[in-house]
Amino acid sequence: MAMRILARAAGVALLACVALAGPATAQGTIKIAYTDPLSGPFAQVGDANLKQMQYILDYINSKGGALGKKFELVPFDNKSQPSDALIALKSATDQNMPFIMQCSGSNIAAALIEAVDKHNSRNPESRIIYVNCGAVATELTNEKCSFWHFRFDAHVAMKAEVMARALPKEVTKVYLLNQDYLFGQSVQRDVKTFLAKLRPDVQVVGDELIPLGKIKDFAPYITKIKASGAQVLITGNWGPDMNLLIKAGIDSGIDLRYYTLYAHIAGGAVAIGPGGDGKVRSVMSFNENVAPEIGNKEAEEWTKAFRDKYPFDFYAAGFRTIFEYLQEATNKAGAVDPLKIALALEGLKHKDFLGYETVMRKDDHQLISEYFVGTFKKGVKYDSEKTGLGWATEATILAKDLEQPTSCKMTRPAK
Amino acid sequence: MEVFLVSLLNGLVYGMLLFMLASGLTLILSMMGVLNFAHASAYMLGAYFAFTISQYIGFWPALVLAPLLCGAIGAAIEMYGLRRVHRNGHIAELLFTFGLALIIEKVVQMTWGLIPVPYRIPAGLDFPLFTVYGTQFPAYRAFMLLISALMFGAIWLGLTRTRIGLVIQAALHHPEMVGALGHNVPRVFTTVFAAGTALAGLAGVIGGNYHVTEPAMAFTMGPIVFVVVVFGGLGSLTGCFIASLLMGLIQTFAVVLDYSVADLLKWFGLTVTSATPFHEVLTVPLPRIGALLPYVLLVLILVFKPRGLMGTRDT
């Protein structure tokens, strides 16, 4: 426990340093606070996100930024703790930043939505827009929706529908294993809902929740899955919980296919390894082989340039869509005024860099975009993490086929 | 039966891995009174060293070289760091090793990056050894069992059959007396610290490719190793061995036993419904709290048997 307290104290000290360093940066930029785990077990995810965002922002800035100003990313480590994310929010609003961005952890997202709402109603002079780049619990744009929250990734119910549709006909027994928090429970519930609706022939033979980021050895779970007779394992796990799970499964040699939401992000390919050829699928917004597959030379060149610069794959095409939306909305609003930008974002339509139509739905501030199902296998143009294997697109679901109804009833501020 | 056998094997492998880590820590803690926070960092370093070495000269040399390297680092830490800090008491030592753990984590992140490195099982051991009811038991896990068993044997022989072993054993119980008898206690300390870190490094070499080699591996392994050491009791290698296997088996079996308190109450004729008070807690199945069980045991043993399972003295 002493370790935990000391780690916290060190973190606060670090944040203080970041906060002090903040105002010294160049004037006249549009600042985006970015808070995600940059240390601790999930650091690899936050760090990979940060590098990709930086790469995209450099590109957006080279294309003129917005209103003649450049965008600037200001990272805050939240160590996967909602309390630390709120400290980041405080620093961001103190410095009058118009945007705060967060990707990892729906529990953190829920806390941020509430805090941003409160802050904006109490402090109309320093409002802030919460840009959600990957916290995907379905509730966040349904029951818990907010005017100030814009989600740029498909939510769990959408992903669950994609997954249920992608499940091959011969599969009749599936096993669910998810992390025990808001997001994992969301996956658990939505996958079951869509299986019941779309594939009543499929039987859920196991349904498990595991503590977030605590399990070191997944071999016992694999034993249990094997005993259940499941053909397919469906999991929303991410970070080490995903990597260790798949590695244990592949190593045990059991005949199982894996349907995941996050096998394609940082570290996944290494953990799966050559033994997983053709066994793992992932529901994703992008992979590096999409561009060559659809013959989009420009997009291919652009993602390849990232690959040449960094030792890992570029998977975050969704982030480019986010920054293009922010750029367009800020230009449309005519001022760096969060209220005007938020209103400009509502219902905004945009063709993403792959050439697909997307829209920021006005009713619930949920981005509706295309989605892919990828298979991890040999013989693709761009391999992942130097494993020789990579993601090949198995199915493409267009935005119009992914639209789901929302229960959101948000209160809009007076204009 | 099938699940039982496979779980038993898995539990043994995990338990033995824990023991490799914990044995070094228990020696260091019992002898020097230092709760070495950087111990799991040596485990991580072992894995990363082995990954780098195996890229150039293969896995087998790495199996020997990486632990030696860790041992050398351990010796340096003891001689040039801990020995100075020691004068300022235990709290200073604790903080010193805690700082070291953070620094090592950061250095590893800067050297090898944040994402896992592709440290793989050597091709010669990458085959299923035998099949238990259709589940393959990889040869590598048998190899892990073998290495840890050999290590247990070696430590035991070393401690009971050699002169330095006898001195160490004596120093475990009465360090002041051993010093008074004219033995070079600081050198014994350095030896034990180096050997302890080398053992953790060895655990890293064989654990790193069994799990995933990444910068968070020290942080996730650290707490459970402390539990093993405290539970096993100070100054007892046997206690540590039993505690390791126990923790390994508990965590493995907790996963496959889908029962909750409600099921237990059913035996006594009590049915838990959603109207029962605390029904949320009562119906939580064991697998969901499996990772928590070692810490529950830690609390219990500290309350009822503060010296640990086979501990011979207080901290």
# chains A, B, ... in the order shown; residues from 1 in each chain; ligands from 1
$ select_by_dssp --residues "region 32-272 of chain B" --states "strand (DSSP E)" --output "list in words"
Pro128, Leu129, Phe130, Thr131, Val132, Thr135, Gln136, Phe137 and Pro138 of chain B
$ select_by_dssp --residues "region 181-349 of chain A" --states "helix (DSSP H, G or I)" --output "CSV table (one decimal) with N, CA and C atoms, in the first residue's frame"
chain,number,residue,atom,x,y,z
A,182,LEU,N,-17.2,-0.6,-16.0
A,182,LEU,CA,-18.3,-0.1,-16.8
A,182,LEU,C,-18.2,-0.6,-18.3
A,183,PHE,N,-17.0,-0.5,-18.9
A,183,PHE,CA,-16.8,-0.9,-20.3
A,183,PHE,C,-17.0,-2.4,-20.5
A,184,GLY,N,-16.3,-3.2,-19.7
A,184,GLY,CA,-16.4,-4.7,-19.8
A,184,GLY,C,-17.9,-5.2,-19.6
A,185,GLN,N,-18.6,-4.6,-18.6
A,185,GLN,CA,-19.9,-5.0,-18.4
A,185,GLN,C,-20.8,-4.6,-19.6
A,186,SER,N,-20.5,-3.5,-20.2
A,186,SER,CA,-21.2,-3.0,-21.4
A,186,SER,C,-21.0,-4.0,-22.5
A,187,VAL,N,-19.8,-4.5,-22.7
A,187,VAL,CA,-19.6,-5.5,-23.8
A,187,VAL,C,-20.4,-6.7,-23.5
A,188,GLN,N,-20.3,-7.2,-22.3
A,188,GLN,CA,-21.0,-8.4,-21.8
A,188,GLN,C,-22.5,-8.4,-22.2
A,189,ARG,N,-23.1,-7.2,-21.8
A,189,ARG,CA,-24.5,-7.1,-22.0
A,189,ARG,C,-24.9,-6.9,-23.5
A,190,ASP,N,-24.2,-6.1,-24.2
A,190,ASP,CA,-24.5,-5.8,-25.6
A,190,ASP,C,-24.3,-7.0,-26.5
A,191,VAL,N,-23.2,-7.7,-26.3
A,191,VAL,CA,-22.9,-8.9,-27.1
A,191,VAL,C,-24.1,-9.9,-26.9
A,192,LYS,N,-24.5,-10.1,-25.7
A,192,LYS,CA,-25.6,-11.0,-25.5
A,192,LYS,C,-26.9,-10.6,-26.1
A,193,THR,N,-27.1,-9.3,-26.0
A,193,THR,CA,-28.3,-8.7,-26.7
A,193,THR,C,-28.4,-9.0,-28.2
A,194,PHE,N,-27.2,-8.7,-28.8
A,194,PHE,CA,-27.2,-8.8,-30.3
A,194,PHE,C,-27.1,-10.2,-30.7
A,195,LEU,N,-26.5,-11.1,-29.9
A,195,LEU,CA,-26.5,-12.5,-30.2
A,195,LEU,C,-27.9,-13.0,-30.2
A,196,ALA,N,-28.7,-12.7,-29.2
A,196,ALA,CA,-30.1,-13.1,-29.0
A,196,ALA,C,-30.9,-12.6,-30.2
A,197,LYS,N,-30.6,-11.4,-30.7
A,197,LYS,CA,-31.4,-10.8,-31.7
A,197,LYS,C,-31.0,-11.4,-33.1
A,198,LEU,N,-29.7,-11.4,-33.4
A,198,LEU,CA,-29.3,-11.8,-34.7
A,198,LEU,C,-28.9,-13.2,-34.9
A,219,ALA,N,-3.8,-19.0,-18.0
A,219,ALA,CA,-3.9,-20.4,-18.3
A,219,ALA,C,-5.1,-21.1,-17.6
A,220,PRO,N,-5.4,-20.7,-16.4
A,220,PRO,CA,-6.6,-21.4,-15.8
A,220,PRO,C,-7.9,-21.0,-16.5
A,221,TYR,N,-8.0,-19.8,-17.0
A,221,TYR,CA,-9.2,-19.4,-17.7
A,221,TYR,C,-9.3,-20.2,-19.0
A,222,ILE,N,-8.2,-20.4,-19.7
A,222,ILE,CA,-8.2,-21.2,-20.9
A,222,ILE,C,-8.7,-22.6,-20.6
A,223,THR,N,-8.2,-23.2,-19.5
A,223,THR,CA,-8.7,-24.5,-19.1
A,223,THR,C,-10.2,-24.5,-19.0
A,224,LYS,N,-10.7,-23.5,-18.4
A,224,LYS,CA,-12.2,-23.4,-18.1
A,224,LYS,C,-12.9,-23.2,-19.5
A,225,ILE,N,-12.4,-22.4,-20.4
A,225,ILE,CA,-13.0,-22.2,-21.7
A,225,ILE,C,-13.0,-23.5,-22.4
A,226,LYS,N,-11.9,-24.2,-22.4
A,226,LYS,CA,-11.8,-25.5,-23.1
A,226,LYS,C,-12.9,-26.4,-22.6
A,227,ALA,N,-13.0,-26.5,-21.2
A,227,ALA,CA,-14.0,-27.4,-20.6
A,227,ALA,C,-15.4,-27.1,-21.0
A,228,SER,N,-15.7,-25.8,-21.3
A,228,SER,CA,-17.0,-25.4,-21.7
A,228,SER,C,-17.4,-25.8,-23.1
A,240,PRO,N,-2.7,-5.3,-21.2
A,240,PRO,CA,-2.1,-6.6,-20.8
A,240,PRO,C,-3.2,-7.7,-20.7
A,241,ASP,N,-4.4,-7.3,-20.3
A,241,ASP,CA,-5.5,-8.3,-20.1
A,241,ASP,C,-5.8,-9.0,-21.4
A,242,MET,N,-5.7,-8.3,-22.5
A,242,MET,CA,-5.9,-8.8,-23.9
A,242,MET,C,-4.7,-9.7,-24.3
A,243,ASN,N,-3.5,-9.1,-24.1
A,243,ASN,CA,-2.3,-9.7,-24.6
A,243,ASN,C,-2.0,-11.0,-23.9
A,244,LEU,N,-2.2,-11.0,-22.5
A,244,LEU,CA,-1.9,-12.2,-21.8
A,244,LEU,C,-2.9,-13.3,-22.0
A,245,LEU,N,-4.2,-12.9,-22.2
A,245,LEU,CA,-5.2,-13.9,-22.5
A,245,LEU,C,-5.0,-14.6,-23.8
A,246,ILE,N,-4.8,-13.9,-24.8
A,246,ILE,CA,-4.6,-14.5,-26.2
A,246,ILE,C,-3.3,-15.3,-26.2
A,247,LYS,N,-2.3,-14.8,-25.5
A,247,LYS,CA,-1.0,-15.6,-25.5
A,247,LYS,C,-1.2,-16.9,-24.8
A,248,ALA,N,-1.9,-16.9,-23.7
A,248,ALA,CA,-2.2,-18.2,-22.9
A,248,ALA,C,-3.0,-19.1,-23.8
A,249,GLY,N,-3.9,-18.6,-24.5
A,249,GLY,CA,-4.8,-19.4,-25.4
A,249,GLY,C,-4.0,-20.0,-26.5
A,250,ILE,N,-3.2,-19.2,-27.2
A,250,ILE,CA,-2.5,-19.7,-28.4
A,250,ILE,C,-1.4,-20.8,-27.9
A,251,ASP,N,-0.8,-20.5,-26.8
A,251,ASP,CA,0.2,-21.4,-26.2
A,251,ASP,C,-0.3,-22.8,-25.9
A,252,SER,N,-1.6,-22.8,-25.4
A,252,SER,CA,-2.1,-24.0,-24.9
A,252,SER,C,-2.6,-24.9,-26.1
A,268,GLY,N,-0.6,-6.1,-29.2
A,268,GLY,CA,-1.4,-7.2,-29.5
A,268,GLY,C,-0.7,-8.2,-30.4
A,269,ALA,N,-0.2,-7.7,-31.5
A,269,ALA,CA,0.4,-8.6,-32.6
A,269,ALA,C,1.6,-9.4,-32.0
A,270,VAL,N,2.4,-8.8,-31.1
A,270,VAL,CA,3.5,-9.5,-30.5
A,270,VAL,C,3.0,-10.6,-29.6
A,271,ALA,N,2.0,-10.3,-28.9
A,271,ALA,CA,1.4,-11.3,-27.9
A,271,ALA,C,0.8,-12.5,-28.7
A,272,ILE,N,0.1,-12.2,-29.8
A,272,ILE,CA,-0.5,-13.3,-30.5
A,272,ILE,C,0.6,-14.2,-31.2
A,274,PRO,N,3.2,-15.8,-34.3
A,274,PRO,CA,2.9,-16.6,-35.5
A,274,PRO,C,1.9,-17.7,-35.2
A,275,GLY,N,1.8,-18.2,-34.0
A,275,GLY,CA,0.9,-19.3,-33.7
A,275,GLY,C,-0.5,-18.9,-33.9
A,276,GLY,N,-0.8,-17.6,-33.9
A,276,GLY,CA,-2.2,-17.2,-34.0
A,276,GLY,C,-2.7,-17.0,-35.4
A,290,VAL,N,-6.0,-1.5,-45.0
A,290,VAL,CA,-7.2,-1.1,-45.6
A,290,VAL,C,-7.0,-0.2,-46.8
A,291,ALA,N,-6.0,0.7,-46.7
A,291,ALA,CA,-5.7,1.6,-47.8
A,291,ALA,C,-5.3,0.9,-49.1
A,292,PRO,N,-4.3,0.0,-49.0
A,292,PRO,CA,-4.0,-0.8,-50.2
A,292,PRO,C,-5.1,-1.6,-50.7
A,293,GLU,N,-5.9,-2.2,-49.8
A,293,GLU,CA,-7.0,-3.0,-50.2
A,293,GLU,C,-8.1,-2.3,-51.0
A,294,ILE,N,-8.3,-1.0,-50.6
A,294,ILE,CA,-9.3,-0.3,-51.4
A,294,ILE,C,-8.7,0.6,-52.5
A,297,LYS,N,-4.1,5.2,-52.7
A,297,LYS,CA,-2.7,5.5,-52.7
A,297,LYS,C,-2.2,6.5,-51.7
A,298,GLU,N,-3.0,7.6,-51.6
A,298,GLU,CA,-2.6,8.7,-50.8
A,298,GLU,C,-2.7,8.3,-49.3
A,299,ALA,N,-3.7,7.7,-48.9
A,299,ALA,CA,-3.9,7.2,-47.5
A,299,ALA,C,-2.8,6.2,-47.2
A,300,GLU,N,-2.4,5.4,-48.2
A,300,GLU,CA,-1.4,4.3,-47.9
A,300,GLU,C,0.0,5.0,-47.7
A,301,GLU,N,0.3,6.0,-48.5
A,301,GLU,CA,1.5,6.7,-48.3
A,301,GLU,C,1.6,7.4,-47.0
A,302,TRP,N,0.5,8.0,-46.6
A,302,TRP,CA,0.4,8.8,-45.4
A,302,TRP,C,0.6,7.9,-44.1
A,303,THR,N,0.0,6.7,-44.1
A,303,THR,CA,0.2,5.8,-43.0
A,303,THR,C,1.6,5.2,-43.0
A,304,LYS,N,2.1,4.9,-44.2
A,304,LYS,CA,3.4,4.3,-44.3
A,304,LYS,C,4.5,5.3,-43.7
A,305,ALA,N,4.3,6.6,-43.9
A,305,ALA,CA,5.2,7.6,-43.4
A,305,ALA,C,5.3,7.5,-41.9
A,306,PHE,N,4.2,7.1,-41.2
A,306,PHE,CA,4.2,7.0,-39.7
A,306,PHE,C,5.1,5.7,-39.4
A,307,ARG,N,4.8,4.7,-40.1
A,307,ARG,CA,5.5,3.4,-39.9
A,307,ARG,C,7.0,3.6,-40.1
A,308,ASP,N,7.4,4.4,-41.0
A,308,ASP,CA,8.9,4.6,-41.2
A,308,ASP,C,9.5,5.3,-40.0
A,309,LYS,N,8.6,6.1,-39.3
A,309,LYS,CA,9.1,6.9,-38.2
A,309,LYS,C,9.1,6.3,-36.9
A,317,ALA,N,-6.5,5.7,-37.3
A,317,ALA,CA,-7.1,6.6,-38.4
A,317,ALA,C,-8.2,7.4,-37.8
A,318,GLY,N,-8.9,6.8,-36.8
A,318,GLY,CA,-10.0,7.5,-36.2
A,318,GLY,C,-9.6,8.9,-35.6
A,319,PHE,N,-8.3,8.9,-35.1
A,319,PHE,CA,-7.9,10.2,-34.6
A,319,PHE,C,-7.7,11.3,-35.6
A,320,ARG,N,-7.4,10.8,-36.9
A,320,ARG,CA,-7.3,11.8,-37.9
A,320,ARG,C,-8.7,12.4,-38.2
A,321,THR,N,-9.7,11.6,-38.2
A,321,THR,CA,-11.1,12.0,-38.4
A,321,THR,C,-11.4,13.0,-37.3
A,322,ILE,N,-11.0,12.7,-36.0
A,322,ILE,CA,-11.3,13.6,-34.9
A,322,ILE,C,-10.8,15.0,-35.2
A,323,PHE,N,-9.5,15.1,-35.5
A,323,PHE,CA,-8.8,16.4,-35.6
A,323,PHE,C,-9.4,17.1,-36.9
A,324,GLU,N,-9.8,16.4,-37.9
A,324,GLU,CA,-10.3,17.0,-39.1
A,324,GLU,C,-11.7,17.6,-38.7
A,325,TYR,N,-12.4,16.9,-37.8
A,325,TYR,CA,-13.7,17.5,-37.4
A,325,TYR,C,-13.5,18.7,-36.6
A,326,LEU,N,-12.5,18.7,-35.6
A,326,LEU,CA,-12.2,19.9,-34.8
A,326,LEU,C,-11.8,21.0,-35.7
A,327,GLN,N,-11.0,20.7,-36.7
A,327,GLN,CA,-10.5,21.8,-37.6
A,327,GLN,C,-11.7,22.4,-38.3
A,328,GLU,N,-12.5,21.6,-38.9
A,328,GLU,CA,-13.6,22.1,-39.7
A,328,GLU,C,-14.6,22.8,-38.8
A,329,ALA,N,-14.9,22.3,-37.6
A,329,ALA,CA,-15.9,22.9,-36.7
A,329,ALA,C,-15.4,24.3,-36.2
A,330,THR,N,-14.1,24.3,-35.9
A,330,THR,CA,-13.5,25.6,-35.4
A,330,THR,C,-13.5,26.6,-36.5
A,331,ASN,N,-13.2,26.2,-37.7
A,331,ASN,CA,-13.2,27.2,-38.8
A,331,ASN,C,-14.7,27.7,-39.0
A,332,LYS,N,-15.6,26.7,-38.9
A,332,LYS,CA,-17.0,27.1,-39.1
A,332,LYS,C,-17.5,28.0,-38.1
A,333,ALA,N,-17.1,27.8,-36.8
A,333,ALA,CA,-17.5,28.6,-35.7
A,333,ALA,C,-16.9,30.0,-35.8
A,338,PRO,N,-15.8,27.4,-27.3
A,338,PRO,CA,-16.3,26.1,-27.2
A,338,PRO,C,-17.8,25.9,-27.5
A,339,LEU,N,-18.6,26.9,-27.1
A,339,LEU,CA,-20.1,26.8,-27.3
A,339,LEU,C,-20.3,26.8,-28.9
A,340,LYS,N,-19.7,27.7,-29.5
A,340,LYS,CA,-19.9,27.8,-31.0
A,340,LYS,C,-19.3,26.6,-31.7
A,341,ILE,N,-18.2,26.1,-31.2
A,341,ILE,CA,-17.6,24.9,-31.9
A,341,ILE,C,-18.5,23.7,-31.7
A,342,ALA,N,-19.0,23.6,-30.4
A,342,ALA,CA,-19.9,22.5,-30.1
A,342,ALA,C,-21.1,22.5,-31.0
A,343,LEU,N,-21.7,23.7,-31.2
A,343,LEU,CA,-22.8,23.8,-32.1
A,343,LEU,C,-22.5,23.5,-33.5
A,344,ALA,N,-21.3,23.9,-33.9
A,344,ALA,CA,-20.8,23.6,-35.3
A,344,ALA,C,-20.6,22.1,-35.5
A,345,LEU,N,-20.2,21.4,-34.5
A,345,LEU,CA,-19.9,20.0,-34.6
A,345,LEU,C,-21.2,19.2,-34.8
$ residues_around --residues "Phe253 (chain B)" --least-positions-apart "3" --cutoff "12 Å" --atoms "only C-alpha atoms" --output "PyMOL selection string"
(chain A and resi 217-221+223-224) or (chain B and resi 3-12+14+245-250+256-259+286-287+289-291+293)
$ closest_atom_pairs --of "region 201-310 of chain B" --to "region 46-50 of chain B" --cutoff "9 Å" --atoms "only C-alpha atoms" --output "JSON lines"
{"residue": "B:Gly201", "atom": "CA", "partner": "B:Gly46", "partner_atom": "CA", "distance": 3.9}
{"residue": "B:Leu202", "atom": "CA", "partner": "B:Gly46", "partner_atom": "CA", "distance": 6.2}
{"residue": "B:Ala203", "atom": "CA", "partner": "B:Gly46", "partner_atom": "CA", "distance": 7.4}
{"residue": "B:Gly204", "atom": "CA", "partner": "B:Ala47", "partner_atom": "CA", "distance": 4.4}
{"residue": "B:Val205", "atom": "CA", "partner": "B:Ala47", "partner_atom": "CA", "distance": 4.5}
{"residue": "B:Ile206", "atom": "CA", "partner": "B:Ala47", "partner_atom": "CA", "distance": 7.5}
{"residue": "B:Gly207", "atom": "CA", "partner": "B:Ala47", "partner_atom": "CA", "distance": 7.2}
{"residue": "B:Gly208", "atom": "CA", "partner": "B:Ala47", "partner_atom": "CA", "distance": 4.8}
{"residue": "B:Asn209", "atom": "CA", "partner": "B:Ala47", "partner_atom": "CA", "distance": 7.6}
{"residue": "B:Thr213", "atom": "CA", "partner": "B:Ala47", "partner_atom": "CA", "distance": 6.4}
{"residue": "B:Glu214", "atom": "CA", "partner": "B:Tyr48", "partner_atom": "CA", "distance": 8.4}
$ write_last_selection --atoms "N, CA and C atoms" --output "CSV table (one decimal), in the first residue's frame"
chain,number,residue,atom,x,y,z
B,201,GLY,N,16.3,-12.6,-11.5
B,201,GLY,CA,16.7,-12.5,-12.9
B,201,GLY,C,16.4,-13.8,-13.6
B,202,LEU,N,16.7,-14.9,-13.0
B,202,LEU,CA,16.5,-16.2,-13.6
B,202,LEU,C,15.0,-16.4,-13.8
B,203,ALA,N,14.2,-16.0,-12.8
B,203,ALA,CA,12.8,-16.1,-12.9
B,203,ALA,C,12.3,-15.3,-14.1
B,204,GLY,N,12.9,-14.1,-14.3
B,204,GLY,CA,12.5,-13.2,-15.4
B,204,GLY,C,12.9,-13.9,-16.7
B,205,VAL,N,14.0,-14.5,-16.8
B,205,VAL,CA,14.4,-15.2,-18.0
B,205,VAL,C,13.4,-16.2,-18.5
B,206,ILE,N,13.0,-17.0,-17.5
B,206,ILE,CA,12.0,-18.1,-17.9
B,206,ILE,C,10.6,-17.7,-17.8
B,207,GLY,N,10.3,-16.6,-17.1
B,207,GLY,CA,8.9,-16.1,-16.9
B,207,GLY,C,8.6,-15.1,-18.0
B,208,GLY,N,9.6,-14.4,-18.5
B,208,GLY,CA,9.4,-13.3,-19.5
B,208,GLY,C,8.7,-13.8,-20.8
B,209,ASN,N,9.2,-14.9,-21.3
B,209,ASN,CA,8.6,-15.4,-22.5
B,209,ASN,C,7.4,-16.3,-22.3
B,213,THR,N,6.8,-9.9,-22.0
B,213,THR,CA,7.9,-9.0,-21.5
B,213,THR,C,7.6,-7.5,-21.8
B,214,GLU,N,7.1,-6.8,-20.8
B,214,GLU,CA,6.8,-5.4,-21.0
B,214,GLU,C,7.1,-4.6,-19.7
$ closest_residue --among "B:Ala195, B:Val272, B:Leu68, B:Leu100" --to "Gly81 (chain B)" --atoms "only C-alpha atoms"
B:Leu100
$ residues_around --residues "Val185 (chain B)" --least-positions-apart "3" --cutoff "9 Å" --atoms "only C-alpha atoms" --output "PDB file with N, CA and C atoms, in the first residue's frame"
ATOM      1  N   VAL B 167      26.933 -20.112   7.501  1.00  0.00           N
ATOM      2  CA  VAL B 167      27.079 -18.738   7.997  1.00  0.00           C
ATOM      3  C   VAL B 167      25.815 -17.931   7.688  1.00  0.00           C
ATOM      4  N   ILE B 168      25.312 -18.104   6.457  1.00  0.00           N
ATOM      5  CA  ILE B 168      24.094 -17.379   6.077  1.00  0.00           C
ATOM      6  C   ILE B 168      22.953 -17.770   6.995  1.00  0.00           C
ATOM      7  N   ALA B 171      23.364 -16.197  10.196  1.00  0.00           N
ATOM      8  CA  ALA B 171      23.100 -14.771  10.103  1.00  0.00           C
ATOM      9  C   ALA B 171      21.604 -14.487   9.974  1.00  0.00           C
ATOM     10  N   PRO B 175      22.154 -12.247  13.352  1.00  0.00           N
ATOM     11  CA  PRO B 175      23.182 -11.532  12.581  1.00  0.00           C
ATOM     12  C   PRO B 175      24.262 -10.912  13.473  1.00  0.00           C
ATOM     13  N   GLU B 176      23.881 -10.373  14.626  1.00  0.00           N
ATOM     14  CA  GLU B 176      24.871  -9.699  15.472  1.00  0.00           C
ATOM     15  C   GLU B 176      25.901 -10.697  15.989  1.00  0.00           C
ATOM     16  N   VAL B 178      26.816 -13.536  14.653  1.00  0.00           N
ATOM     17  CA  VAL B 178      27.710 -13.984  13.586  1.00  0.00           C
ATOM     18  C   VAL B 178      28.811 -12.951  13.371  1.00  0.00           C
ATOM     19  N   GLY B 179      28.428 -11.682  13.407  1.00  0.00           N
ATOM     20  CA  GLY B 179      29.411 -10.605  13.257  1.00  0.00           C
ATOM     21  C   GLY B 179      30.420 -10.655  14.388  1.00  0.00           C
ATOM     22  N   GLY B 182      33.363 -12.900  14.196  1.00  0.00           N
ATOM     23  CA  GLY B 182      34.444 -12.560  13.292  1.00  0.00           C
ATOM     24  C   GLY B 182      34.177 -12.835  11.825  1.00  0.00           C
ATOM     25  N   VAL B 188      28.835 -11.252   3.406  1.00  0.00           N
ATOM     26  CA  VAL B 188      27.752 -12.226   3.332  1.00  0.00           C
ATOM     27  C   VAL B 188      26.487 -11.538   2.817  1.00  0.00           C
ATOM     28  N   PHE B 189      26.254 -10.321   3.328  1.00  0.00           N
ATOM     29  CA  PHE B 189      25.088  -9.551   2.871  1.00  0.00           C
ATOM     30  C   PHE B 189      25.143  -9.351   1.361  1.00  0.00           C
ATOM     31  N   THR B 190      26.317  -8.914   0.884  1.00  0.00           N
ATOM     32  CA  THR B 190      26.451  -8.669  -0.556  1.00  0.00           C
ATOM     33  C   THR B 190      26.181  -9.945  -1.342  1.00  0.00           C
TER      34      THR B 190
END
$ closest_residue --among "A:Ala160, A:Met360, A:Ile215, A:Leu233" --to "chain B" --atoms "only C-alpha atoms"
A:Ile215
$ interface_residues --of "chain B" --to "chain A" --cutoff "7 Å" --atoms "only C-alpha atoms" --output "list in words"
Val3, Val6, Ser7, Asn10, Leu114, Ile115, Pro116, Pro118, Thr135, Gln136, Phe137, Pro138, His211, Val212, Ala216, Thr252, Val255, Val256, Arg288 and Ala291 of chain B
$ atom_distance --atom1 "CA of Val228 (chain B)" --atom2 "CA of Leu25 (chain B)"
9.7 Å
$ atom_distance --atom1 "CA of Ala200 (chain B)" --atom2 "CA of Cys70 (chain B)"
8.1 Å
$ residues_around --residues "Ile32 (chain A)" --least-positions-apart "5" --cutoff "10 Å" --atoms "only C-alpha atoms" --output "PyMOL selection string"
chain A and resi 71-75+92+97-101+128-131
$ residues_around --residues "Lys159 (chain A)" --least-positions-apart "4" --cutoff "9 Å" --atoms "only C-alpha atoms" --output "PyMOL selection string"
chain A and resi 154-155+163-164+187+190-191+261+283-284+371+402
$ write_last_selection --atoms "N, CA and C atoms" --output "compact mmCIF listing (two decimals), in the first residue's frame"
# COMPACT_ATOMS: atom_id res chain seq x y z
N ALA A 154 -16.96 4.20 -32.38
CA ALA A 154 -18.22 3.46 -32.30
C ALA A 154 -18.39 2.92 -30.88
N HIS A 155 -19.61 2.97 -30.34
CA HIS A 155 -19.78 2.47 -28.97
C HIS A 155 -19.94 0.95 -28.97
N MET A 163 -19.74 -7.51 -34.47
CA MET A 163 -19.20 -8.80 -34.09
C MET A 163 -20.21 -9.92 -34.31
N ALA A 164 -21.45 -9.68 -33.88
CA ALA A 164 -22.50 -10.70 -34.03
C ALA A 164 -22.74 -10.99 -35.51
N VAL A 187 -19.81 -4.49 -22.73
CA VAL A 187 -19.56 -5.48 -23.79
C VAL A 187 -20.37 -6.74 -23.51
N ASP A 190 -24.16 -6.08 -24.17
CA ASP A 190 -24.54 -5.79 -25.56
C ASP A 190 -24.29 -6.97 -26.49
N VAL A 191 -23.19 -7.70 -26.26
CA VAL A 191 -22.94 -8.86 -27.11
C VAL A 191 -24.07 -9.87 -26.94
N LEU A 261 -12.10 -6.84 -29.47
CA LEU A 261 -12.29 -5.44 -29.84
C LEU A 261 -10.94 -4.72 -29.94
N VAL A 283 -12.47 -6.14 -34.18
CA VAL A 283 -13.37 -5.13 -34.72
C VAL A 283 -12.65 -3.80 -34.61
N MET A 284 -12.40 -3.13 -35.73
CA MET A 284 -11.49 -1.99 -35.71
C MET A 284 -11.94 -0.86 -36.62
N TYR A 371 -16.78 0.80 -40.21
CA TYR A 371 -16.03 -0.04 -39.30
C TYR A 371 -15.59 -1.30 -40.01
N LEU A 402 -24.61 1.04 -39.65
CA LEU A 402 -24.19 0.92 -38.26
C LEU A 402 -24.99 1.84 -37.34
$ atom_distance --atom1 "CA of Phe219 (chain B)" --atom2 "CA of Phe152 (chain B)"
24.7 Å
$ closest_residue --among "A:Phe353, A:Trp148, A:Asp337, A:Tyr258" --to "Ser121 (chain A)" --atoms "only C-alpha atoms"
A:Trp148
